[in-house]
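Reproduced below: protein.cif, with mmCIF, C-alpha atoms.
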```cif
data_final
loop_
_atom_site.label_atom_id
_atom_site.label_comp_id
_atom_site.auth_asym_id
_atom_site.auth_seq_id
_atom_site.Cartn_x
_atom_site.Cartn_y
_atom_site.Cartn_z
CA MET A 1 22.54 17.26 14.03
CA GLU A 2 24.60 14.46 12.53
CA ILE A 3 22.94 11.06 12.45
CA LYS A 4 24.87 8.01 11.33
CA GLY A 5 22.13 5.91 9.88
CA SER A 6 24.48 3.08 8.96
CA VAL A 7 25.16 2.39 12.66
CA PRO A 8 22.74 -0.27 13.99
CA PHE A 9 20.08 1.23 16.24
CA SER A 10 19.88 -0.03 19.82
CA GLY A 11 17.17 0.28 22.43
CA ALA A 12 14.29 0.74 19.98
CA VAL A 13 11.89 -1.50 21.90
CA ALA A 14 12.51 0.40 25.15
CA ILE A 15 11.80 3.67 23.33
CA TYR A 16 8.67 2.14 21.82
CA ASP A 17 7.39 1.10 25.23
CA GLU A 18 8.12 4.58 26.59
CA VAL A 19 6.35 6.60 23.89
CA THR A 20 3.37 4.22 23.75
CA ALA A 21 3.01 4.18 27.57
CA GLY A 22 3.69 0.47 27.79
CA ARG A 23 1.72 -0.21 24.58
CA ARG A 24 -1.39 1.50 25.90
CA ARG A 25 -1.23 4.20 23.21
CA TRP A 26 -1.68 3.58 19.52
CA LEU A 27 0.84 5.45 17.35
CA ARG A 28 1.08 5.23 13.58
CA VAL A 29 4.51 4.92 12.00
CA ASP A 30 5.02 8.65 11.44
CA GLU A 31 3.66 9.52 14.89
CA LEU A 32 5.91 6.89 16.44
CA CYS A 33 9.05 8.20 14.74
CA ALA A 34 8.22 11.79 15.75
CA ALA A 35 7.64 10.77 19.38
CA ALA A 36 10.79 8.61 19.41
CA ALA A 37 12.88 11.52 18.08
CA LEU A 38 11.73 13.62 21.05
CA ALA A 39 12.29 10.78 23.52
CA ALA A 40 15.78 10.03 22.20
CA PRO A 41 17.16 13.36 20.93
CA GLY A 42 20.05 13.07 18.53
CA ARG A 43 19.39 9.46 17.66
CA LEU A 44 16.57 9.95 15.16
CA PRO A 45 15.91 12.88 12.83
CA ASP A 46 13.42 15.35 14.27
CA ALA A 47 10.68 17.22 12.42
CA ALA A 48 12.97 20.08 11.39
CA ALA A 49 15.63 17.73 10.03
CA LEU A 50 13.05 15.73 8.06
CA ALA A 51 11.48 18.92 6.69
CA ALA A 52 14.89 20.07 5.46
CA GLU A 53 15.55 16.65 3.95
CA ALA A 54 12.20 16.71 2.15
CA ARG A 55 13.27 19.82 0.24
CA ARG A 56 16.25 18.05 -1.29
CA PRO A 57 16.04 16.11 -4.57
CA LEU A 58 16.73 12.41 -4.25
CA ARG A 59 20.32 12.70 -5.47
CA ASP A 60 21.09 15.24 -2.71
CA LYS A 61 19.57 13.40 0.26
CA THR A 62 21.91 13.25 3.25
CA GLY A 63 20.84 9.79 4.41
CA ILE A 64 19.35 10.71 7.79
CA GLU A 65 16.27 8.60 7.06
CA ARG A 66 18.37 5.45 7.36
CA ALA A 67 18.14 5.85 11.13
CA LEU A 68 14.35 5.55 10.85
CA GLY A 69 14.77 2.29 8.94
CA ALA A 70 17.10 0.89 11.60
CA PHE A 71 14.71 1.95 14.37
CA LEU A 72 11.61 0.51 12.70
CA HIS A 73 13.46 -2.69 11.83
CA GLN A 74 14.17 -3.29 15.50
CA VAL A 75 10.61 -2.45 16.59
CA LEU A 76 9.02 -4.71 13.99
CA ALA A 77 11.47 -7.52 14.67
CA ASP A 78 10.28 -7.66 18.29
CA PRO A 79 7.23 -9.98 18.50
CA VAL A 80 5.39 -7.84 21.06
CA ALA A 81 6.24 -4.29 20.00
CA GLY A 82 6.11 -5.18 16.30
CA ARG A 83 2.69 -6.76 16.55
CA HIS A 84 1.43 -3.74 18.51
CA LEU A 85 2.67 -1.42 15.75
CA CYS A 86 1.01 -3.54 13.04
CA HIS A 87 -2.21 -3.40 15.09
CA ALA A 88 -1.95 0.40 15.39
CA MET A 89 -1.60 0.75 11.63
CA LEU A 90 -4.72 -1.35 11.02
CA LEU A 91 -6.98 0.87 13.13
CA PRO A 92 -9.35 3.19 11.25
CA GLN A 93 -8.11 6.75 11.12
CA PRO A 94 -10.04 9.24 13.28
CA GLY A 95 -10.46 11.54 10.28
CA ALA A 96 -12.17 8.79 8.33
CA VAL A 97 -14.47 7.92 11.23
CA ALA A 98 -15.47 11.59 11.45
CA LEU A 99 -16.49 11.55 7.77
CA LEU A 100 -18.78 8.54 8.10
CA PRO A 101 -21.97 10.60 8.76
CA ARG A 102 -21.28 12.63 5.62
CA LEU A 103 -20.84 9.45 3.58
CA GLU A 104 -24.13 8.15 4.93
CA ARG A 105 -25.85 11.38 3.88
CA GLU A 106 -24.24 11.93 0.48
CA GLY A 107 -23.10 8.47 -0.63
CA ARG A 108 -19.95 9.90 -2.21
CA LEU A 109 -16.69 11.48 -1.01
CA GLU A 110 -13.78 12.96 -2.93
CA PHE A 111 -10.22 12.81 -1.63
CA THR A 112 -6.90 13.79 -3.11
CA GLY A 113 -5.89 10.59 -4.83
CA ALA A 114 -9.13 8.64 -4.47
CA ARG A 115 -12.91 8.80 -4.75
CA LEU A 116 -15.41 6.73 -2.79
CA GLU A 117 -18.93 6.09 -4.06
CA ARG A 118 -21.73 3.96 -2.73
CA ALA A 119 -23.48 1.94 -5.46
CA GLY A 120 -26.25 -0.01 -3.79
CA ARG A 121 -24.55 -2.58 -1.56
CA VAL A 122 -21.13 -1.90 -3.09
CA SER A 123 -18.44 0.59 -2.07
CA VAL A 124 -16.46 1.69 -5.14
CA VAL A 125 -12.98 3.12 -4.50
CA THR A 126 -11.49 4.81 -7.56
CA MET A 127 -7.78 5.66 -7.57
CA CYS A 128 -7.32 9.12 -9.07
CA ASN A 129 -4.10 10.80 -10.15
CA PRO A 130 -4.89 11.59 -13.81
CA PRO A 131 -1.77 13.62 -14.69
CA HIS A 132 0.48 10.75 -13.56
CA LEU A 133 -1.38 7.66 -14.87
CA ASN A 134 -2.94 7.19 -11.40
CA ALA A 135 0.52 6.75 -9.85
CA GLU A 136 0.87 6.69 -6.07
CA ASP A 137 2.83 9.39 -4.25
CA GLU A 138 2.90 11.59 -1.16
CA THR A 139 -0.23 13.46 -2.33
CA THR A 140 -2.42 10.38 -2.83
CA LEU A 141 -1.62 8.12 0.13
CA GLY A 142 -3.73 9.83 2.80
CA GLY A 143 -6.85 10.08 0.67
CA PHE A 144 -6.48 6.50 -0.55
CA GLU A 145 -6.33 5.18 3.01
CA GLN A 146 -9.32 7.27 4.12
CA ALA A 147 -11.35 5.94 1.19
CA ILE A 148 -10.46 2.36 2.18
CA ASP A 149 -11.34 3.01 5.82
CA LEU A 150 -14.74 4.42 4.90
CA ALA A 151 -15.48 1.70 2.35
CA LEU A 152 -14.99 -0.83 5.13
CA LEU A 153 -16.84 1.20 7.77
CA ASP A 154 -19.91 1.91 5.60
CA PRO A 155 -22.75 -0.03 7.26
CA VAL A 156 -24.78 -0.18 4.05
CA THR A 157 -22.31 -1.96 1.78
CA GLU A 158 -20.99 -5.50 1.88
CA LEU A 159 -18.61 -5.64 -1.13
CA CYS A 160 -15.82 -3.25 -2.22
CA VAL A 161 -14.57 -2.58 -5.75
CA LEU A 162 -11.17 -1.03 -6.54
CA ARG A 163 -10.55 0.55 -9.95
CA GLY A 164 -8.46 3.26 -11.61
CA ALA A 165 -9.89 6.51 -12.97
CA PRO A 166 -9.62 7.81 -16.54
CA VAL A 167 -6.30 9.60 -17.03
CA ALA A 168 -5.22 12.81 -18.71
CA GLN A 169 -1.94 12.07 -20.48
CA PRO A 170 -2.34 12.39 -24.27
CA LYS A 171 -1.29 8.81 -25.03
CA TYR A 172 -4.12 7.44 -22.88
CA ALA A 173 -6.42 10.47 -22.66
CA GLY A 174 -9.87 9.48 -21.39
CA ARG A 175 -8.94 5.83 -20.84
CA ARG A 176 -9.17 4.15 -17.50
CA LEU A 177 -5.91 2.74 -16.16
CA PHE A 178 -5.51 0.75 -12.97
CA GLY A 179 -2.24 2.50 -12.18
CA ALA A 180 1.44 3.08 -12.90
CA GLY A 181 2.85 2.33 -9.45
CA ILE A 182 5.00 4.80 -7.54
CA ASN A 183 5.28 8.28 -9.04
CA LEU A 184 8.87 8.13 -10.30
CA THR A 185 8.91 11.84 -11.09
CA HIS A 186 8.13 12.70 -7.48
CA LEU A 187 10.62 10.08 -6.33
CA TRP A 188 13.35 11.68 -8.46
CA GLN A 189 12.43 15.09 -7.12
CA GLY A 190 12.81 13.85 -3.53
CA ARG A 191 9.17 14.46 -2.66
CA ILE A 192 8.46 10.89 -1.51
CA PRO A 193 9.96 10.31 1.96
CA TYR A 194 11.19 6.99 3.25
CA LEU A 195 8.31 6.67 5.74
CA TRP A 196 5.87 6.71 2.81
CA TYR A 197 6.76 3.08 2.05
CA LEU A 198 6.02 1.93 5.61
CA LEU A 199 2.84 3.97 5.93
CA ARG A 200 1.58 2.50 2.66
CA ASP A 201 2.26 -1.18 3.27
CA LEU A 202 1.43 -1.26 6.98
CA GLY A 203 -1.61 0.96 6.38
CA PRO A 204 -3.91 0.92 3.33
CA VAL A 205 -2.44 -2.13 1.58
CA ASN A 206 -2.60 -4.23 4.73
CA LYS A 207 -6.13 -2.96 5.43
CA LEU A 208 -7.22 -4.21 2.02
CA TYR A 209 -5.91 -7.62 3.02
CA ARG A 210 -6.81 -7.77 6.74
CA GLY A 211 -9.63 -5.26 7.15
CA LEU A 212 -9.79 -2.74 9.98
CA ALA A 213 -8.62 -3.72 13.44
CA LEU A 214 -10.48 -3.00 16.66
CA PRO A 215 -8.53 -1.43 19.54
CA ASP A 216 -9.59 -4.07 22.08
CA ALA A 217 -9.29 -7.23 19.96
CA ASP A 218 -6.50 -9.19 18.29
CA PRO A 219 -6.60 -8.36 14.54
CA GLU A 220 -6.49 -12.06 13.69
CA ALA A 221 -9.50 -12.80 15.88
CA SER A 222 -11.81 -9.91 15.05
CA SER A 223 -11.85 -7.23 12.37
CA ILE A 224 -14.10 -5.09 10.19
CA GLU A 225 -13.72 -6.42 6.68
CA LYS A 226 -15.40 -6.98 3.35
CA PRO A 227 -14.29 -8.80 0.20
CA TRP A 228 -12.50 -6.73 -2.44
CA LEU A 229 -12.83 -7.00 -6.22
CA ALA A 230 -10.23 -5.23 -8.39
CA VAL A 231 -10.93 -4.18 -11.98
CA VAL A 232 -7.78 -3.88 -14.12
CA ASP A 233 -7.93 -1.55 -17.11
CA GLY A 234 -4.77 -1.05 -19.17
CA PHE A 235 -2.02 -2.01 -16.77
CA ALA A 236 -1.11 -2.50 -13.12
CA ILE A 237 2.53 -1.55 -12.67
CA GLY A 238 4.62 -1.80 -9.52
CA GLY A 239 2.58 -0.81 -6.49
CA HIS A 240 -0.66 -1.29 -8.38
CA CYS A 241 0.34 -4.84 -9.22
CA GLN A 242 1.05 -5.29 -5.49
CA LEU A 243 -2.57 -4.30 -4.75
CA LEU A 244 -3.85 -7.21 -6.85
CA LEU A 245 -2.03 -9.64 -4.56
CA VAL A 246 -4.33 -8.72 -1.62
CA MET A 247 -7.59 -8.78 -3.57
CA ASP A 248 -10.20 -11.49 -3.14
CA GLN A 249 -11.12 -11.39 -6.85
CA VAL A 250 -9.47 -9.75 -9.85
CA LEU A 251 -11.27 -8.91 -13.09
CA ALA A 252 -9.04 -7.78 -15.96
CA ALA A 253 -9.32 -6.72 -19.58
CA ASP A 254 -7.72 -9.14 -22.03
CA ASP A 255 -5.32 -6.42 -23.24
CA ALA A 256 -4.19 -5.48 -19.72
CA TRP A 257 -0.81 -6.40 -18.28
CA LEU A 258 1.09 -6.46 -14.99
CA SER A 259 4.69 -5.77 -14.02
CA LEU A 260 6.93 -5.22 -11.01
CA PRO A 261 9.81 -3.14 -12.39
CA ALA A 262 11.77 -3.24 -9.13
CA ARG A 263 15.03 -3.93 -10.96
CA LYS A 264 14.74 -0.73 -12.99
CA GLU A 265 13.55 1.32 -10.03
CA GLY A 266 16.03 -0.02 -7.49
CA ILE A 267 13.57 -0.46 -4.62
CA ILE A 268 11.78 -3.39 -2.98
CA PRO A 269 8.25 -3.79 -4.42
CA GLY A 270 6.36 -3.57 -1.14
CA ALA A 271 5.22 -6.95 0.12
CA ALA A 272 5.24 -8.51 -3.37
CA ASN A 273 8.30 -10.58 -2.44
CA LEU A 274 6.17 -12.16 0.28
CA ARG A 275 2.93 -12.50 -1.67
CA LEU A 276 3.66 -12.97 -5.37
CA PRO A 277 5.21 -16.47 -4.98
CA ARG A 278 1.91 -17.68 -3.49
CA HIS A 279 0.15 -16.72 -6.71
CA VAL A 280 2.57 -17.61 -9.47
CA GLY A 281 5.24 -19.75 -7.80
CA PRO A 282 8.77 -18.78 -6.75
CA ARG A 283 10.43 -19.08 -10.18
CA LEU A 284 8.03 -16.77 -12.01
CA ALA A 285 8.05 -14.41 -9.03
CA ARG A 286 11.82 -14.09 -9.33
CA GLN A 287 11.52 -13.44 -13.04
CA ALA A 288 9.00 -10.66 -12.39
CA ILE A 289 10.86 -9.03 -9.47
CA LEU A 290 14.50 -9.57 -10.39
CA ALA A 291 14.28 -9.55 -14.19
CA GLY A 292 11.30 -7.28 -14.87
CA ARG A 293 9.19 -9.89 -16.65
CA ARG A 294 5.91 -8.46 -17.92
CA ILE A 295 2.84 -10.61 -17.30
CA ASP A 296 -0.08 -10.31 -19.70
CA CYS A 297 -3.38 -10.78 -17.89
CA ALA A 298 -4.69 -13.11 -20.61
CA SER A 299 -1.62 -15.38 -20.45
CA PRO A 300 -1.46 -18.53 -18.30
CA ALA A 301 0.78 -16.67 -15.84
CA GLY A 302 -1.62 -13.71 -15.75
CA GLN A 303 -4.53 -15.99 -14.98
CA LEU A 304 -2.74 -17.05 -11.79
CA VAL A 305 -3.28 -13.49 -10.56
CA CYS A 306 -6.51 -12.60 -12.38
CA ASP A 307 -9.68 -14.60 -11.77
CA TYR A 308 -11.62 -13.32 -14.79
CA VAL A 309 -10.17 -12.01 -18.08
CA VAL A 310 -12.62 -10.63 -20.64
CA PRO A 311 -12.46 -8.44 -23.75
CA ALA A 312 -11.90 -4.82 -22.76
CA ALA A 313 -15.19 -3.74 -24.31
CA GLN A 314 -17.06 -6.16 -22.03
CA LEU A 315 -15.34 -5.15 -18.77
CA ASP A 316 -18.16 -3.02 -17.38
CA LEU A 317 -20.79 -5.62 -18.25
CA GLU A 318 -18.74 -8.38 -16.60
CA LEU A 319 -18.22 -6.20 -13.53
CA GLU A 320 -21.97 -5.76 -13.23
CA ARG A 321 -22.48 -9.50 -13.55
CA LEU A 322 -19.87 -10.33 -10.91
CA VAL A 323 -21.22 -7.78 -8.45
CA GLY A 324 -24.66 -9.25 -8.86
CA LEU A 325 -23.31 -12.76 -8.42
CA LEU A 326 -21.29 -11.89 -5.31
CA THR A 327 -23.99 -9.88 -3.56
CA GLY A 328 -27.01 -11.82 -4.75
CA SER A 329 -26.59 -14.69 -2.32
CA GLY A 330 -25.25 -12.61 0.56
CA LEU A 331 -21.75 -12.38 2.00
CA VAL A 332 -22.43 -13.38 5.58
CA SER A 333 -19.38 -15.65 5.90
CA ALA A 334 -16.98 -13.51 3.87
CA ALA A 335 -15.09 -12.06 6.85
CA ALA A 336 -14.80 -15.44 8.55
CA ASN A 337 -13.50 -17.12 5.40
CA ARG A 338 -11.00 -14.32 4.76
CA ARG A 339 -9.59 -14.72 8.29
CA ALA A 340 -9.38 -18.48 7.90
CA LEU A 341 -7.54 -18.17 4.58
CA ARG A 342 -5.06 -15.66 6.03
CA ILE A 343 -4.13 -17.94 8.92
CA GLY A 344 -2.90 -20.46 6.37
CA GLU A 345 -1.25 -18.13 3.86
CA GLU A 346 0.05 -15.12 5.80
CA PRO A 347 -0.37 -14.94 9.60
CA LEU A 348 0.22 -11.48 11.06
CA ASP A 349 3.55 -12.52 12.59
CA ARG A 350 4.86 -13.67 9.21
CA PHE A 351 3.94 -10.29 7.77
CA ARG A 352 5.52 -8.53 10.76
CA ARG A 353 8.81 -10.38 10.29
CA TYR A 354 8.80 -9.53 6.59
CA MET A 355 8.16 -5.86 7.31
CA ALA A 356 11.05 -5.81 9.80
CA VAL A 357 13.42 -6.77 6.99
CA TYR A 358 11.63 -4.47 4.56
CA ALA A 359 11.98 -1.46 6.91
CA ARG A 360 15.75 -1.83 7.04
CA GLU A 361 16.42 -2.82 3.43
CA GLN A 362 14.05 -0.29 1.84
CA ALA A 363 15.79 2.54 3.70
CA ASP A 364 19.07 1.53 2.10
CA CYS A 365 17.45 1.13 -1.33
CA HIS A 366 15.61 4.45 -1.14
CA LEU A 367 18.81 6.30 -0.25
CA SER A 368 21.17 4.38 -2.50
CA PRO A 369 23.11 6.12 -5.30
CA ALA A 370 22.10 3.13 -7.40
CA LEU A 371 18.45 4.24 -7.24
CA VAL A 372 19.39 7.68 -8.56
CA ALA A 373 21.43 6.05 -11.32
CA ASN A 374 18.60 3.66 -12.22
CA LEU A 375 16.06 6.45 -12.42
CA GLY A 376 18.38 8.53 -14.56
CA ARG A 377 18.94 5.54 -16.86
CA HIS A 378 15.40 4.19 -17.16
CA TRP A 379 13.12 7.16 -16.41
CA PRO A 380 13.27 10.59 -18.04
CA ALA A 381 12.34 12.26 -14.75
CA ALA A 382 14.95 15.00 -15.14
CA GLN A 383 13.04 16.29 -18.18
CA ARG A 384 9.63 16.14 -16.51
#
```

Taking this structure as input, can you express it in the form of structure tokens?
Amino acid sequence: MEIKGSVPFSGAVAIYDEVTAGRRRWLRVDELCAAAALAAPGRLPDAAALAAEARRPLRDKTGIERALGAFLHQVLADPVAGRHLCHAMLLPQPGAVALLPRLEREGRLEFTGARLERAGRVSVVTMCNPPHLNAEDETTLGGFEQAIDLALLDPVTELCVLRGAPVAQPKYAGRRLFGAGINLTHLWQGRIPYLWYLLRDLGPVNKLYRGLALPDADPEASSIEKPWLAVVDGFAIGGHCQLLLVMDQVLAADDAWLSLPARKEGIIPGAANLRLPRHVGPRLARQAILAGRRIDCASPAGQLVCDYVVPAAQLDLELERLVGLLTGSGLVSAAANRRALRIGEEPLDRFRRYMAVYAREQADCHLSPALVANLGRHWPAAQR
């Protein structure tokens, strides 16, 4: 099957309405693309074509995933279909819902890529990929999203904490790190598919920001949500820096730093282009995204992202103090205040329009020879 991904896709909204039964079915991004490939054979890569593509290293990709980007761009650009897709991606996953009784019994669940623990009235999500400095990749995404779903669904807790696990690489052995962003080794090897980017930013990252949607209510009117507190040890690079932009509070060590090395990687840094200017202003955002500026958490620029910066040795003590402060007086109005803040800073339709552009442009970036060249120049993936 030959698919010309560079040709603009047409009729995506009609296909969306068909496979979702007039928007009565909820389909996640990957489910949608699989159903659309069956409904419009020859226009989108099917499961066999995508499986074959997944076995190729990045430099040998054929480009068939560009058609998915063109299709999703058109769906997300449509106010009705796009909003329905955003809603679908905010629903809790059935697998996570099924695990809720076990969480209530045991108070702890382990996933590939994440761990969830109940600590009194707090849900603690720990990002875990020790061999790769807690980097995100195709192995971690599903577990990370399930941990987020369950942290929000847990009826006992009212505050969520996000932190990185201790890592295994010799340079940092035993140290906690918030995370190194996308796993560039897996990206070089071709193991991270294009749809990973959309699943991540429409799914777990947006759930951190907007909570979990209900199937019978507008996500902006009603949702299941709790405030999130991030704890930054070491560094938050790329995608992990993006996570800080959807947190309600950020606590960081004074030796920690942030960066968005999109220029070196050759991809769009998720929704950071939408969100970072709100925190640091447009000029500094351009310096970070287009010129790779590093931001030290203890610097004036870093304090525009981080609410509390303390000596690294005092991080755990300060976390305990903040948790006590935040939960001590109750968080009854937290969900209402989060919704009210979002209406002013990032309504769902603004996010939808951004993701429509992102879907198209990220497909081109992901499959660009320039990305292969950048990785070869800046990342010793070929030797890893």

Between CA of Asn206 (chain A) and CA of Leu90 (chain A), distance in Å (one decimal):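 Those two atoms sit 7.2 Å apart.
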
Written as a ChimeraX atom specification, what is the full residue list that the PyMOL selection byres ((chain A and resi 149) around 12) yields on the file shown? /A:89-100,103,114,116,123,125,142-148,150-155,160,203-208,210-213,224-226

How about saving the chosen residues, C-alpha atoms kept, as a short mmCIF file (atom, residue, chain, number, x, y, z; two decimals), in the coordinates of the input?
```cif
data_model
loop_
_atom_site.label_atom_id
_atom_site.label_comp_id
_atom_site.auth_asym_id
_atom_site.auth_seq_id
_atom_site.Cartn_x
_atom_site.Cartn_y
_atom_site.Cartn_z
CA MET A 89 -1.60 0.75 11.63
CA LEU A 90 -4.72 -1.35 11.02
CA LEU A 91 -6.98 0.87 13.13
CA PRO A 92 -9.35 3.19 11.25
CA GLN A 93 -8.11 6.75 11.12
CA PRO A 94 -10.04 9.24 13.28
CA GLY A 95 -10.46 11.54 10.28
CA ALA A 96 -12.17 8.79 8.33
CA VAL A 97 -14.47 7.92 11.23
CA ALA A 98 -15.47 11.59 11.45
CA LEU A 99 -16.49 11.55 7.77
CA LEU A 100 -18.78 8.54 8.10
CA LEU A 103 -20.84 9.45 3.58
CA ALA A 114 -9.13 8.64 -4.47
CA LEU A 116 -15.41 6.73 -2.79
CA SER A 123 -18.44 0.59 -2.07
CA VAL A 125 -12.98 3.12 -4.50
CA GLY A 142 -3.73 9.83 2.80
CA GLY A 143 -6.85 10.08 0.67
CA PHE A 144 -6.48 6.50 -0.55
CA GLU A 145 -6.33 5.18 3.01
CA GLN A 146 -9.32 7.27 4.12
CA ALA A 147 -11.35 5.94 1.19
CA ILE A 148 -10.46 2.36 2.18
CA LEU A 150 -14.74 4.42 4.90
CA ALA A 151 -15.48 1.70 2.35
CA LEU A 152 -14.99 -0.83 5.13
CA LEU A 153 -16.84 1.20 7.77
CA ASP A 154 -19.91 1.91 5.60
CA PRO A 155 -22.75 -0.03 7.26
CA CYS A 160 -15.82 -3.25 -2.22
CA GLY A 203 -1.61 0.96 6.38
CA PRO A 204 -3.91 0.92 3.33
CA VAL A 205 -2.44 -2.13 1.58
CA ASN A 206 -2.60 -4.23 4.73
CA LYS A 207 -6.13 -2.96 5.43
CA LEU A 208 -7.22 -4.21 2.02
CA ARG A 210 -6.81 -7.77 6.74
CA GLY A 211 -9.63 -5.26 7.15
CA LEU A 212 -9.79 -2.74 9.98
CA ALA A 213 -8.62 -3.72 13.44
CA ILE A 224 -14.10 -5.09 10.19
CA GLU A 225 -13.72 -6.42 6.68
CA LYS A 226 -15.40 -6.98 3.35
#
```

Mind listing as an MDAnalysis selection string all residues within 12 Å of (-21.7, 4.0, -4.5), counting only C-alpha atoms? chainID A and resid 103:109 115:126 147 150:151 154 156:162

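Atom to atom, CA of Val305 (chain A) and CA of Arg286 (chain A) stand 15.2 Å apart.
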
Quick one: axis-aligned box around all listed atoms of region 129-133 of chain A, 4 Å on every side, centre and edge lengths in Å to one decimal, written as AutoDock Vina command-line options.
```
--center_x -2.2 --center_y 10.6 --center_z -12.5 --size_x 13.4 --size_y 14.0 --size_z 12.7
```

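Going from CA of Ala262 (chain A) to CA of His240 (chain A) covers 12.6 Å.
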
Run the PyMOL selection byres ((chain A and resi 86) around 9) on the file and write out the hits as a VMD selection string. chain A and resid 28 76 81 to 85 87 to 90 202 to 203 348 352

Dump of C-alpha atoms for the selected residues, as a PDB file, in the frame of the given file:
```pdb
ATOM      1  CA  ARG A  28       1.080   5.230  13.580  1.00  0.00           C
ATOM      2  CA  LEU A  76       9.020  -4.710  13.990  1.00  0.00           C
ATOM      3  CA  ALA A  81       6.240  -4.290  20.000  1.00  0.00           C
ATOM      4  CA  GLY A  82       6.110  -5.180  16.300  1.00  0.00           C
ATOM      5  CA  ARG A  83       2.690  -6.760  16.550  1.00  0.00           C
ATOM      6  CA  HIS A  84       1.430  -3.740  18.510  1.00  0.00           C
ATOM      7  CA  LEU A  85       2.670  -1.420  15.750  1.00  0.00           C
ATOM      8  CA  HIS A  87      -2.210  -3.400  15.090  1.00  0.00           C
ATOM      9  CA  ALA A  88      -1.950   0.400  15.390  1.00  0.00           C
ATOM     10  CA  MET A  89      -1.600   0.750  11.630  1.00  0.00           C
ATOM     11  CA  LEU A  90      -4.720  -1.350  11.020  1.00  0.00           C
ATOM     12  CA  LEU A 202       1.430  -1.260   6.980  1.00  0.00           C
ATOM     13  CA  GLY A 203      -1.610   0.960   6.380  1.00  0.00           C
ATOM     14  CA  LEU A 348       0.220 -11.480  11.060  1.00  0.00           C
ATOM     15  CA  ARG A 352       5.520  -8.530  10.760  1.00  0.00           C
TER      16      ARG A 352
END
```

I'd like to know which of A:Arg377, A:Lys61, A:Arg283, A:His73 is closest to Tyr358 (chain A), using all atoms listed in the file. A:His73

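Of the listed residues A:Asp233, A:Asp17, A:Asp201, A:Glu31, the one whose atoms come nearest to Leu133 (chain A) is A:Asp233, with distances taken using all atoms listed in the file.
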
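Matched in the shown structure by the PyMOL selection byres ((chain A and resi 245) around 8): Cys241, Gln242, Leu243, Leu244, Val246, Met247, Ala272, Arg275, Leu276, His279 and Val305 of chain A.
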
Excluding Arg66 (chain A) and its own-chain neighbours fewer than 4 positions away, which residues fall within 12 Å of it when counting only C-alpha atoms? Please give them as number ranges by chain. A: 3-9, 43-45, 50, 61-62, 70-73, 193-195, 359-368

Given the choices A:Trp257, A:Ser333, A:Gly344, A:Tyr308, which gets closest to Pro227 (chain A) if the distance is worked out from only C-alpha atoms?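 Counting only C-alpha atoms, the residue closest to Pro227 (chain A) is A:Ser333.
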
Quick one: residues within 12 Å of Arg55 (chain A), all atoms listed in the file counted, chain neighbours fewer than 4 positions away excluded, as a list in words? Ala48, Ala49, Leu50, Ala51, Arg59, Asp60, Lys61, Thr62, His186, Trp188, Gln189, Gly190, Arg191, Ile192 and Pro193 of chain A

List as a PyMOL selection string the protein and nucleic acid residues near Arg293 (chain A), meaning an atom at most 12 Å away when only C-alpha atoms are counted, but skip any in the same chain fewer than 5 places from it. chain A and resi 237-238+257-264+283-288+301-302

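Using all atoms listed in the file, the nearest neighbour of Ala291 (chain A) within the list A:Leu322, A:Val372, A:Leu38, A:Glu265 is A:Glu265.
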
Contacts of region 253-256 of chain A at 12 Å (all atoms listed in the file; same-chain gap of 2+ positions) as a short mmCIF file (atom, residue, chain, number, x, y, z; two decimals) with C-alpha atoms, in the frame of the given file:
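part_24.cif was written with the following content:
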```cif
data_model
loop_
_atom_site.label_atom_id
_atom_site.label_comp_id
_atom_site.auth_asym_id
_atom_site.auth_seq_id
_atom_site.Cartn_x
_atom_site.Cartn_y
_atom_site.Cartn_z
CA ARG A 176 -9.17 4.15 -17.50
CA LEU A 177 -5.91 2.74 -16.16
CA PHE A 178 -5.51 0.75 -12.97
CA GLY A 179 -2.24 2.50 -12.18
CA ALA A 230 -10.23 -5.23 -8.39
CA VAL A 231 -10.93 -4.18 -11.98
CA VAL A 232 -7.78 -3.88 -14.12
CA ASP A 233 -7.93 -1.55 -17.11
CA GLY A 234 -4.77 -1.05 -19.17
CA PHE A 235 -2.02 -2.01 -16.77
CA ALA A 236 -1.11 -2.50 -13.12
CA ILE A 237 2.53 -1.55 -12.67
CA CYS A 241 0.34 -4.84 -9.22
CA VAL A 250 -9.47 -9.75 -9.85
CA LEU A 251 -11.27 -8.91 -13.09
CA LEU A 258 1.09 -6.46 -14.99
CA SER A 259 4.69 -5.77 -14.02
CA ARG A 294 5.91 -8.46 -17.92
CA ILE A 295 2.84 -10.61 -17.30
CA ASP A 296 -0.08 -10.31 -19.70
CA CYS A 297 -3.38 -10.78 -17.89
CA ALA A 298 -4.69 -13.11 -20.61
CA SER A 299 -1.62 -15.38 -20.45
CA PRO A 300 -1.46 -18.53 -18.30
CA GLY A 302 -1.62 -13.71 -15.75
CA GLN A 303 -4.53 -15.99 -14.98
CA CYS A 306 -6.51 -12.60 -12.38
CA ASP A 307 -9.68 -14.60 -11.77
CA TYR A 308 -11.62 -13.32 -14.79
CA VAL A 309 -10.17 -12.01 -18.08
CA VAL A 310 -12.62 -10.63 -20.64
CA PRO A 311 -12.46 -8.44 -23.75
CA ALA A 312 -11.90 -4.82 -22.76
CA ALA A 313 -15.19 -3.74 -24.31
CA GLN A 314 -17.06 -6.16 -22.03
CA LEU A 315 -15.34 -5.15 -18.77
CA ASP A 316 -18.16 -3.02 -17.38
CA LEU A 317 -20.79 -5.62 -18.25
CA GLU A 318 -18.74 -8.38 -16.60
CA LEU A 319 -18.22 -6.20 -13.53
#
```

Using all atoms listed in the file: which of A:Ala77, A:Leu27, A:Val332, A:Leu341 has the shortest distance to Val13 (chain A):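 For Val13 (chain A), the nearest of the given residues is A:Ala77.
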